[in-house]
$ cat data_12.tsv   # TSV, C-alpha atoms
chain	number	residue	atom	x	y	z
A	1	MET	CA	23.75	-29.49	47.08
A	2	LYS	CA	20.56	-31.49	47.50
A	3	PRO	CA	18.24	-28.42	47.64
A	4	ILE	CA	19.84	-27.08	44.46
A	5	ARG	CA	19.40	-30.45	42.75
A	6	ASN	CA	15.76	-30.51	43.81
A	7	LEU	CA	15.23	-27.02	42.40
A	8	ILE	CA	16.78	-28.07	39.09
A	9	VAL	CA	14.54	-31.15	38.91
A	10	LEU	CA	11.48	-29.06	39.77
A	11	ALA	CA	12.35	-26.47	37.12
A	12	ALA	CA	12.80	-29.21	34.54
A	13	ILE	CA	9.40	-30.67	35.40
A	14	VAL	CA	7.70	-27.27	35.13
A	15	LEU	CA	9.45	-26.48	31.83
A	16	ALA	CA	8.50	-29.87	30.41
A	17	GLY	CA	4.93	-29.21	31.39
A	18	LEU	CA	4.93	-25.83	29.68
A	19	VAL	CA	6.43	-27.28	26.50
A	20	THR	CA	3.88	-30.10	26.51
A	21	THR	CA	1.02	-27.67	27.05
A	22	TYR	CA	2.18	-25.46	24.19
A	23	ALA	CA	2.69	-28.47	21.92
A	24	GLU	CA	-0.81	-29.69	22.70
A	25	ASP	CA	-2.36	-26.31	21.91
A	26	PRO	CA	-2.88	-26.13	18.14
A	27	LEU	CA	-4.01	-22.49	18.33
A	28	PRO	CA	-1.43	-20.74	20.54
A	29	SER	CA	-2.11	-17.26	19.11
A	30	TRP	CA	-5.76	-17.46	20.15
A	31	ASN	CA	-6.94	-16.40	23.59
A	32	ASP	CA	-8.93	-19.02	25.47
A	33	THR	CA	-12.24	-17.33	24.70
A	34	ALA	CA	-15.51	-18.47	23.13
A	35	PRO	CA	-14.35	-18.44	19.45
A	36	LYS	CA	-11.38	-20.72	20.11
A	37	ARG	CA	-13.50	-23.07	22.19
A	38	SER	CA	-16.20	-23.17	19.51
A	39	ILE	CA	-13.63	-24.08	16.83
A	40	VAL	CA	-12.09	-26.88	18.90
A	41	SER	CA	-15.52	-28.20	19.90
A	42	PHE	CA	-16.68	-28.31	16.28
A	43	VAL	CA	-13.53	-30.05	15.04
A	44	GLU	CA	-13.63	-32.65	17.82
A	45	LYS	CA	-17.31	-33.29	17.17
A	46	VAL	CA	-17.05	-33.88	13.41
A	47	THR	CA	-13.85	-35.96	13.59
A	48	LYS	CA	-14.84	-38.36	16.37
A	49	GLU	CA	-15.80	-41.71	14.89
A	50	GLY	CA	-19.04	-43.04	16.28
A	51	SER	CA	-20.29	-39.55	17.06
A	52	PRO	CA	-23.67	-38.60	15.55
A	53	ASP	CA	-21.89	-35.49	14.16
A	54	PHE	CA	-19.04	-37.45	12.54
A	55	VAL	CA	-18.14	-36.27	9.04
A	56	PRO	CA	-16.02	-38.51	6.78
A	57	PRO	CA	-12.69	-36.91	5.75
A	58	ALA	CA	-13.79	-36.67	2.10
A	59	GLU	CA	-16.59	-34.30	3.16
A	60	ARG	CA	-14.52	-32.10	5.48
A	61	ILE	CA	-14.38	-29.04	3.23
A	62	ALA	CA	-13.49	-25.64	4.73
A	63	THR	CA	-13.55	-22.43	2.69
A	64	PHE	CA	-11.77	-19.19	3.57
A	65	ASP	CA	-12.10	-15.71	2.17
A	66	ASN	CA	-8.68	-14.11	1.70
A	67	ASP	CA	-8.79	-10.29	1.99
A	68	GLY	CA	-9.45	-9.35	5.61
A	69	THR	CA	-9.80	-13.00	6.64
A	70	LEU	CA	-6.36	-14.51	5.98
A	71	TRP	CA	-4.39	-11.33	5.37
A	72	ALA	CA	-4.99	-7.61	5.88
A	73	GLU	CA	-7.01	-5.53	3.43
A	74	GLN	CA	-6.41	-1.92	4.53
A	75	PRO	CA	-5.84	0.79	3.39
A	76	LEU	CA	-6.78	-0.81	0.02
A	77	TYR	CA	-7.13	-4.36	-1.21
A	78	PHE	CA	-3.60	-5.59	-1.86
A	79	GLN	CA	-4.37	-6.60	-5.42
A	80	PHE	CA	-5.50	-3.05	-6.17
A	81	LEU	CA	-2.23	-1.74	-4.69
A	82	PHE	CA	-0.51	-4.14	-7.09
A	83	ALA	CA	-2.52	-2.60	-9.94
A	84	LEU	CA	-1.51	0.92	-8.88
A	85	ASP	CA	2.15	-0.10	-8.87
A	86	ARG	CA	1.69	-1.60	-12.34
A	87	VAL	CA	0.24	1.70	-13.62
A	88	ARG	CA	3.47	3.47	-12.64
A	89	VAL	CA	5.59	0.74	-14.26
A	90	LEU	CA	3.59	0.78	-17.51
A	91	ALA	CA	3.15	4.57	-17.74
A	92	PRO	CA	6.23	5.20	-19.97
A	93	ASP	CA	4.63	2.95	-22.61
A	94	HIS	CA	1.33	4.83	-22.41
A	95	PRO	CA	1.88	8.59	-22.90
A	96	GLU	CA	-1.88	8.96	-23.46
A	97	TRP	CA	-2.42	8.20	-19.77
A	98	LYS	CA	-1.14	11.68	-18.85
A	99	SER	CA	-4.46	13.12	-20.03
A	100	GLN	CA	-6.71	10.06	-19.74
A	101	GLU	CA	-8.68	9.27	-16.61
A	102	PRO	CA	-8.45	7.47	-14.27
A	103	PHE	CA	-4.74	7.14	-15.11
A	104	ALA	CA	-3.97	10.87	-15.18
A	105	SER	CA	-5.13	11.26	-11.57
A	106	LEU	CA	-3.19	8.18	-10.48
A	107	LEU	CA	0.02	9.46	-12.02
A	108	ARG	CA	-0.47	12.74	-10.15
A	109	GLY	CA	-0.89	10.81	-6.91
A	110	ASP	CA	-4.58	11.68	-6.67
A	111	LEU	CA	-6.13	8.35	-5.76
A	112	LYS	CA	-9.43	9.89	-4.69
A	113	GLY	CA	-9.78	11.60	-8.04
A	114	ALA	CA	-8.92	8.41	-9.89
A	115	LEU	CA	-11.60	6.46	-8.02
A	116	ALA	CA	-14.25	9.15	-8.52
A	117	GLY	CA	-15.33	7.10	-11.52
A	118	GLY	CA	-16.42	4.32	-9.19
A	119	GLU	CA	-16.50	0.68	-10.26
A	120	ARG	CA	-15.96	1.56	-13.91
A	121	ALA	CA	-12.66	3.30	-13.08
A	122	MET	CA	-11.49	0.38	-10.95
A	123	VAL	CA	-12.26	-2.12	-13.72
A	124	GLU	CA	-10.41	0.04	-16.24
A	125	ILE	CA	-7.33	0.17	-14.00
A	126	VAL	CA	-7.38	-3.59	-13.39
A	127	MET	CA	-7.84	-4.46	-17.06
A	128	ALA	CA	-5.02	-2.14	-18.13
A	129	THR	CA	-2.62	-3.75	-15.66
A	130	HIS	CA	-3.76	-7.39	-15.63
A	131	ALA	CA	-4.50	-8.16	-19.28
A	132	GLY	CA	-2.61	-8.15	-22.59
A	133	MET	CA	-0.05	-10.75	-21.57
A	134	THR	CA	0.29	-14.51	-21.24
A	135	THR	CA	-0.68	-16.30	-18.06
A	136	GLU	CA	2.99	-17.20	-17.57
A	137	ASP	CA	4.10	-13.58	-17.84
A	138	PHE	CA	1.41	-12.49	-15.37
A	139	GLU	CA	2.48	-15.13	-12.87
A	140	LYS	CA	6.08	-13.94	-13.11
A	141	ILE	CA	5.05	-10.31	-12.52
A	142	VAL	CA	2.95	-11.24	-9.48
A	143	LYS	CA	5.75	-13.30	-7.95
A	144	GLU	CA	8.24	-10.44	-8.40
A	145	TRP	CA	5.82	-7.90	-6.86
A	146	VAL	CA	5.09	-10.14	-3.87
A	147	ALA	CA	8.81	-10.68	-3.30
A	148	THR	CA	9.83	-7.01	-3.50
A	149	SER	CA	6.91	-4.79	-2.45
A	150	LYS	CA	6.04	-3.65	1.08
A	151	HIS	CA	2.84	-2.63	2.80
A	152	PRO	CA	2.67	1.19	2.99
A	153	LYS	CA	1.88	1.28	6.72
A	154	LEU	CA	3.23	-1.95	8.20
A	155	GLN	CA	6.45	-1.81	6.13
A	156	ARG	CA	6.47	-5.57	5.73
A	157	SER	CA	6.11	-7.68	2.63
A	158	TYR	CA	2.46	-8.26	1.83
A	159	THR	CA	2.79	-11.98	2.50
A	160	GLU	CA	4.00	-11.16	6.01
A	161	CYS	CA	0.75	-9.27	6.63
A	162	VAL	CA	-1.10	-12.55	7.15
A	163	TYR	CA	-2.96	-13.36	10.34
A	164	GLN	CA	-1.00	-15.78	12.50
A	165	PRO	CA	-4.16	-17.12	14.25
A	166	MET	CA	-5.61	-18.03	10.87
A	167	ILE	CA	-2.40	-19.70	9.73
A	168	GLU	CA	-2.65	-21.87	12.85
A	169	LEU	CA	-6.32	-22.55	12.14
A	170	LEU	CA	-5.58	-23.72	8.60
A	171	ALA	CA	-2.91	-26.11	9.90
A	172	TYR	CA	-5.21	-27.34	12.70
A	173	LEU	CA	-8.01	-28.14	10.27
A	174	ARG	CA	-5.70	-29.95	7.86
A	175	ALA	CA	-4.23	-31.96	10.73
A	176	ASN	CA	-7.78	-33.12	11.39
A	177	GLY	CA	-8.52	-34.28	7.87
A	178	PHE	CA	-9.99	-31.09	6.42
A	179	LYS	CA	-9.31	-29.88	2.91
A	180	THR	CA	-8.89	-26.09	2.97
A	181	PHE	CA	-9.84	-23.81	0.07
A	182	ILE	CA	-9.56	-20.09	-0.58
A	183	VAL	CA	-12.77	-18.56	-1.97
A	184	SER	CA	-12.01	-14.90	-2.61
A	185	GLY	CA	-13.22	-11.93	-4.60
A	186	GLY	CA	-9.55	-11.43	-5.52
A	187	GLY	CA	-8.12	-12.62	-8.81
A	188	ILE	CA	-7.58	-16.37	-8.97
A	189	GLU	CA	-4.33	-15.96	-10.93
A	190	PHE	CA	-3.14	-13.20	-8.61
A	191	MET	CA	-3.37	-15.57	-5.63
A	192	ARG	CA	-2.23	-18.89	-7.07
A	193	PRO	CA	1.49	-18.03	-7.46
A	194	TRP	CA	2.08	-17.55	-3.69
A	195	VAL	CA	-0.72	-19.13	-1.61
A	196	GLU	CA	0.88	-22.54	-1.20
A	197	LYS	CA	4.06	-21.10	0.27
A	198	VAL	CA	2.16	-18.72	2.57
A	199	TYR	CA	-0.94	-20.70	3.55
A	200	GLY	CA	-0.13	-24.29	2.62
A	201	ILE	CA	-3.02	-24.22	0.15
A	202	PRO	CA	-2.14	-25.55	-3.33
A	203	PRO	CA	-3.14	-23.46	-6.37
A	204	GLU	CA	-5.84	-25.90	-7.46
A	205	GLN	CA	-7.65	-25.19	-4.16
A	206	VAL	CA	-8.11	-21.49	-4.93
A	207	VAL	CA	-11.42	-20.08	-6.17
A	208	GLY	CA	-11.44	-16.46	-7.25
A	209	SER	CA	-12.50	-13.85	-9.77
A	210	SER	CA	-11.09	-14.17	-13.27
A	211	ILE	CA	-10.71	-12.48	-16.61
A	212	LYS	CA	-11.16	-14.27	-19.92
A	213	THR	CA	-8.26	-16.11	-21.49
A	214	LYS	CA	-7.67	-17.28	-25.05
A	215	PHE	CA	-5.50	-20.03	-26.48
A	216	GLU	CA	-3.03	-18.82	-29.11
A	217	LEU	CA	0.04	-20.03	-30.96
A	218	ARG	CA	2.86	-17.49	-30.75
A	219	ASP	CA	5.98	-18.36	-32.72
A	220	GLY	CA	4.74	-21.93	-32.72
A	221	LYS	CA	4.37	-21.98	-28.94
A	222	PRO	CA	0.95	-22.52	-27.34
A	223	VAL	CA	0.08	-19.81	-24.80
A	224	LEU	CA	-2.95	-18.54	-22.92
A	225	MET	CA	-3.49	-14.81	-23.42
A	226	ARG	CA	-5.22	-12.75	-20.74
A	227	LEU	CA	-7.97	-10.65	-22.32
A	228	PRO	CA	-9.41	-7.33	-21.03
A	229	GLU	CA	-12.80	-8.89	-20.32
A	230	VAL	CA	-14.32	-10.02	-17.03
A	231	ASN	CA	-15.00	-13.74	-16.91
A	232	PHE	CA	-16.35	-14.27	-13.36
A	233	ILE	CA	-16.71	-12.22	-10.15
A	234	ASP	CA	-16.29	-14.46	-7.12
A	235	ASP	CA	-17.93	-12.17	-4.58
A	236	LYS	CA	-21.23	-12.09	-2.66
A	237	ASP	CA	-23.71	-14.43	-4.39
A	238	GLY	CA	-20.93	-15.42	-6.78
A	239	LYS	CA	-19.09	-17.27	-4.00
A	240	PRO	CA	-21.52	-20.21	-3.68
A	241	VAL	CA	-21.56	-20.40	-7.49
A	242	GLY	CA	-17.75	-20.48	-7.57
A	243	ILE	CA	-17.66	-23.15	-4.86
A	244	ASN	CA	-20.12	-25.29	-6.79
A	245	GLU	CA	-18.21	-24.93	-10.05
A	246	HIS	CA	-14.67	-25.39	-8.70
A	247	ILE	CA	-15.12	-27.62	-5.64
A	248	GLY	CA	-18.39	-29.43	-6.34
A	249	GLN	CA	-19.16	-29.88	-2.65
A	250	ARG	CA	-20.89	-27.74	-0.05
A	251	PRO	CA	-18.42	-26.80	2.71
A	252	ILE	CA	-19.09	-27.79	6.31
A	253	ALA	CA	-17.12	-24.76	7.55
A	254	ALA	CA	-16.75	-21.28	6.11
A	255	PHE	CA	-14.72	-18.27	7.25
A	256	GLY	CA	-15.06	-14.65	6.17
A	257	ASN	CA	-14.91	-11.06	7.40
A	258	SER	CA	-17.36	-9.01	5.36
A	259	ASP	CA	-20.80	-8.86	3.80
A	260	GLY	CA	-19.12	-10.07	0.61
A	261	ASP	CA	-18.75	-13.43	2.35
A	262	LEU	CA	-22.30	-13.59	3.71
A	263	GLN	CA	-23.76	-15.76	0.96
A	264	MET	CA	-20.89	-18.24	1.30
A	265	LEU	CA	-21.64	-18.61	5.01
A	266	GLN	CA	-25.40	-18.80	4.39
A	267	TRP	CA	-24.94	-21.58	1.83
A	268	THR	CA	-22.57	-23.47	4.12
A	269	ALA	CA	-24.94	-23.20	7.10
A	270	ALA	CA	-27.91	-24.43	5.03
A	271	GLY	CA	-26.41	-27.91	4.62
A	272	SER	CA	-27.38	-30.89	6.75
A	273	GLY	CA	-25.42	-32.05	9.80
A	274	SER	CA	-22.97	-30.01	11.84
A	275	ARG	CA	-21.91	-26.71	10.29
A	276	PHE	CA	-19.51	-23.96	11.34
A	277	CYS	CA	-19.53	-20.32	10.22
A	278	LEU	CA	-17.15	-17.61	11.44
A	279	PHE	CA	-16.68	-13.90	10.80
A	280	VAL	CA	-13.41	-12.13	11.64
A	281	HIS	CA	-14.41	-8.76	13.15
A	282	HIS	CA	-11.74	-6.05	12.82
A	283	THR	CA	-11.77	-4.34	16.22
A	284	ASP	CA	-8.11	-3.62	16.96
A	285	ALA	CA	-7.15	-0.13	15.81
A	286	LYS	CA	-3.80	-0.34	17.63
A	287	ARG	CA	-2.40	-3.59	16.22
A	288	GLU	CA	-4.32	-3.53	12.93
A	289	TRP	CA	-7.47	-1.56	12.02
A	290	ALA	CA	-10.97	-1.18	13.45
A	291	TYR	CA	-13.84	-1.10	10.94
A	292	ASP	CA	-17.17	-2.78	10.21
A	293	ARG	CA	-20.59	-1.34	9.32
A	294	GLU	CA	-19.56	1.92	7.62
A	295	SER	CA	-16.33	0.82	5.98
A	296	HIS	CA	-15.84	1.16	2.21
A	297	ILE	CA	-13.48	-1.82	2.37
A	298	GLY	CA	-14.44	-5.04	4.13
A	299	LYS	CA	-17.85	-3.74	5.23
A	300	LEU	CA	-19.38	-6.03	7.86
A	301	ASP	CA	-22.97	-4.98	8.49
A	302	LYS	CA	-25.59	-7.52	7.46
A	303	GLY	CA	-23.12	-10.26	8.37
A	304	LEU	CA	-22.91	-9.09	11.99
A	305	ASP	CA	-26.67	-9.10	12.29
A	306	GLU	CA	-27.06	-12.54	10.75
A	307	ALA	CA	-24.25	-13.99	12.86
A	308	ALA	CA	-26.01	-12.77	16.01
A	309	ALA	CA	-29.36	-14.13	14.84
A	310	LYS	CA	-28.04	-17.55	13.83
A	311	GLY	CA	-25.41	-18.08	16.50
A	312	TRP	CA	-22.41	-18.00	14.18
A	313	THR	CA	-18.98	-17.39	15.68
A	314	VAL	CA	-17.60	-13.85	15.55
A	315	VAL	CA	-13.92	-13.27	16.34
A	316	ASP	CA	-13.19	-9.99	18.11
A	317	MET	CA	-9.59	-9.45	16.97
A	318	LYS	CA	-8.76	-7.25	19.95
A	319	ASP	CA	-10.06	-9.66	22.60
A	320	ASP	CA	-9.76	-13.08	20.98
A	321	TRP	CA	-6.30	-12.98	19.38
A	322	LYS	CA	-3.11	-12.88	21.45
A	323	ARG	CA	-1.27	-11.64	18.42
A	324	ILE	CA	-2.36	-10.74	14.93
A	325	PHE	CA	0.84	-10.93	12.91
A	326	ALA	CA	3.77	-13.29	13.36
A	327	PHE	CA	6.18	-10.34	13.40
A	328	GLU	CA	4.59	-8.81	16.52
A	329	LYS	CA	6.90	-8.68	19.51

$ encode --input "data_12.tsv" --output "structure tokens"
Amino acid sequence: MKPIRNLIVLAAIVLAGLVTTYAEDPLPSWNDTAPKRSIVSFVEKVTKEGSPDFVPPAERIATFDNDGTLWAEQPLYFQFLFALDRVRVLAPDHPEWKSQEPFASLLRGDLKGALAGGERAMVEIVMATHAGMTTEDFEKIVKEWVATSKHPKLQRSYTECVYQPMIELLAYLRANGFKTFIVSGGGIEFMRPWVEKVYGIPPEQVVGSSIKTKFELRDGKPVLMRLPEVNFIDDKDGKPVGINEHIGQRPIAAFGNSDGDLQMLQWTAAGSGSRFCLFVHHTDAKREWAYDRESHIGKLDKGLDEAAAKGWTVVDMKDDWKRIFAFEK
């Protein structure tokens, strides 16, 4: 019986070691490659008291793009898919849409035709589906859509289509005294209803694009009405502006995936002291999608060149992530 007992003890020791190793690894979905090592090195450097790179907790600000950085963005931005669903829901109340573009094409299932009008058509679709209601009503609609709709390819709820490595990164940074913010071209009020549950980021730490709102009294009740007018576009050079207006501090770390995030990373890198900039590069056509320089969505062209020139971290999804989504086997 002694050999068996020894084997049991040995197995217990090995298992304990594996559990301890896993528990000590804050980024288990990341392969042990250069991006993971660069993240850990940066965090250790800025959080070690007495280090010349030490950053006080109050200054540990990290900003994250959302589409393509924290969750998927193909085949269309998820908020635009939400808008397309809203067109179908609202169509019975708008018989004029049957002959009015871009809605007529959408109702025929001709997305390409609907988007032939370019940015103007997209804005018209968004305004028709996002405005004309109170902020409370819009929040309710978003919550219902997030809870019931599924991604057309992955067949999972949209909030399941988040990147597990980035969820771990958010938690790792917060465990080390960082305050994490979303800075996205997406609508601020589209994101706020669900980001805390999904990312652990409270709604007041979300910076995004917005439409104008107006205070009104309706039946004696004060409400904020969403108007069909653009208020602010939080994309490209708008991102540093949005950070300045909403956060009031330059980040020491910034994370994106496209040229729309380039100015945010440039502004972050231009600060004094230790800085960290990272691009997520979509390279895994099997588990997700592969796209960069020529993509109409999430184009990463100038950003790749600048990252190479300035030594920023670039995550190769295929090589650097053990898994992309939590639901992967």

$ closest_residue --input "data_12.tsv" --among "A:Gly260, A:Gly118, A:Gly271, A:Pro228" --to "A:Gly132" --atoms "only C-alpha atoms"
A:Pro228

$ closest_atom_pairs --input "data_12.tsv" --of "stretch 16-133 of chain A" --to "stretch 240-253 of chain A" --cutoff "8 Å" --atoms "only C-alpha atoms" --output "tab-separated table"
residue	atom	partner	partner_atom	distance
A:Glu59	CA	A:Ile252	CA	7.7
A:Arg60	CA	A:Ile252	CA	6.3
A:Ile61	CA	A:Pro251	CA	4.6
A:Ala62	CA	A:Ala253	CA	4.7
A:Thr63	CA	A:Ala253	CA	6.5

$ write_last_selection --input "data_12.tsv" --atoms "C-alpha atoms" --output "PDB file, in the coordinates of the input"
ATOM      1  CA  GLU A  59     -16.590 -34.300   3.160  1.00  0.00           C
ATOM      2  CA  ARG A  60     -14.520 -32.100   5.480  1.00  0.00           C
ATOM      3  CA  ILE A  61     -14.380 -29.040   3.230  1.00  0.00           C
ATOM      4  CA  ALA A  62     -13.490 -25.640   4.730  1.00  0.00           C
ATOM      5  CA  THR A  63     -13.550 -22.430   2.690  1.00  0.00           C
TER       6      THR A  63
END

$ closest_residue --input "data_12.tsv" --among "A:Phe255, A:Pro202, A:Val146, A:Met166" --to "A:Asp320" --atoms "all atoms listed in the file"
A:Met166

$ residues_around --input "data_12.tsv" --residues "A:Phe64" --least-positions-apart "6" --cutoff "8 Å" --atoms "all atoms listed in the file" --output "list in words"
Leu70, Thr180, Phe181, Ile182, Val183, Ser184, Ala254, Phe255 and Gly256 of chain A

$ atom_distance --input "data_12.tsv" --atom1 "atom CA of A:Ser41" --atom2 "atom CA of A:Ala308"
19.1 Å

$ atom_distance --input "data_12.tsv" --atom1 "atom CA of A:Pro57" --atom2 "atom CA of A:Val162"
27.0 Å

$ residues_around --input "data_12.tsv" --residues "A:Leu111" --least-positions-apart "3" --cutoff "12 Å" --atoms "only C-alpha atoms" --output "number ranges by chain"
A: 75-76, 80-81, 84, 101-108, 114-118, 121-122, 125

$ residues_around --input "data_12.tsv" --residues "A:Ile297" --least-positions-apart "6" --cutoff "12 Å" --atoms "all atoms listed in the file" --output "list in words"
Asp67, Gly68, Ala72, Glu73, Gln74, Pro75, Leu76, Tyr77, Phe78, Phe80, Asn257, Ser258, Asp259, Gly260, His282, Trp289, Ala290 and Tyr291 of chain A

$ residues_around --input "data_12.tsv" --residues "A:Gly273" --least-positions-apart "5" --cutoff "9 Å" --atoms "all atoms listed in the file" --output "PyMOL selection string"
chain A and resi 52-55+252

$ closest_residue --input "data_12.tsv" --among "A:Arg174, A:Lys197, A:Lys140, A:Lys239" --to "A:Thr159" --atoms "all atoms listed in the file"
A:Lys197

$ residues_around --input "data_12.tsv" --residues "stretch 211-214 of chain A" --least-positions-apart "2" --cutoff "9 Å" --atoms "all atoms listed in the file" --output "list in words"
Met127, His130, Ala131, Thr134, Thr135, Gly187, Ser209, Glu216, Val223, Leu224, Met225, Arg226, Leu227, Pro228, Glu229, Val230, Asn231, Phe232 and Ile233 of chain A

$ closest_residue --input "data_12.tsv" --among "A:Thr129, A:Val195, A:Asn31, A:Lys299" --to "A:Glu160" --atoms "all atoms listed in the file"
A:Val195

$ atom_distance --input "data_12.tsv" --atom1 "atom CA of A:His151" --atom2 "atom CA of A:Pro26"
28.6 Å

$ decode --input "data_12.tsv" --residues "stretch 177-211 of chain A" --atoms "C-alpha atoms" --output "short mmCIF file (atom, residue, chain, number, x, y, z; two decimals), in the first residue's frame"
data_model
loop_
_atom_site.label_atom_id
_atom_site.label_comp_id
_atom_site.auth_asym_id
_atom_site.auth_seq_id
_atom_site.Cartn_x
_atom_site.Cartn_y
_atom_site.Cartn_z
CA GLY A 177 -4.90 50.01 -8.71
CA PHE A 178 -5.84 51.09 -12.23
CA LYS A 179 -9.08 52.82 -13.09
CA THR A 180 -10.38 51.44 -16.40
CA PHE A 181 -12.41 53.47 -18.89
CA ILE A 182 -14.09 52.70 -22.20
CA VAL A 183 -13.38 55.32 -24.89
CA SER A 184 -15.35 54.26 -27.95
CA GLY A 185 -16.78 55.61 -31.17
CA GLY A 186 -19.97 53.78 -30.18
CA GLY A 187 -22.88 55.55 -28.55
CA ILE A 188 -22.30 56.37 -24.89
CA GLU A 189 -25.93 55.58 -23.99
CA PHE A 190 -25.86 52.38 -26.03
CA MET A 191 -22.96 51.07 -23.92
CA ARG A 192 -23.79 52.30 -20.43
CA PRO A 193 -26.74 49.96 -19.76
CA TRP A 194 -24.63 46.75 -19.93
CA VAL A 195 -20.89 47.51 -19.58
CA GLU A 196 -20.71 47.16 -15.81
CA LYS A 197 -22.17 43.65 -15.86
CA VAL A 198 -19.97 42.56 -18.78
CA TYR A 199 -16.70 44.41 -18.18
CA GLY A 200 -16.88 45.56 -14.58
CA ILE A 201 -16.73 49.17 -15.81
CA PRO A 202 -19.37 51.45 -14.26
CA PRO A 203 -21.42 53.68 -16.60
CA GLU A 204 -19.73 56.88 -15.44
CA GLN A 205 -16.43 55.48 -16.79
CA VAL A 206 -17.70 55.28 -20.37
CA VAL A 207 -16.78 57.88 -22.99
CA GLY A 208 -18.53 57.64 -26.33
CA SER A 209 -20.33 59.38 -29.16
CA SER A 210 -23.62 61.07 -28.33
CA ILE A 211 -26.68 62.74 -29.76
#
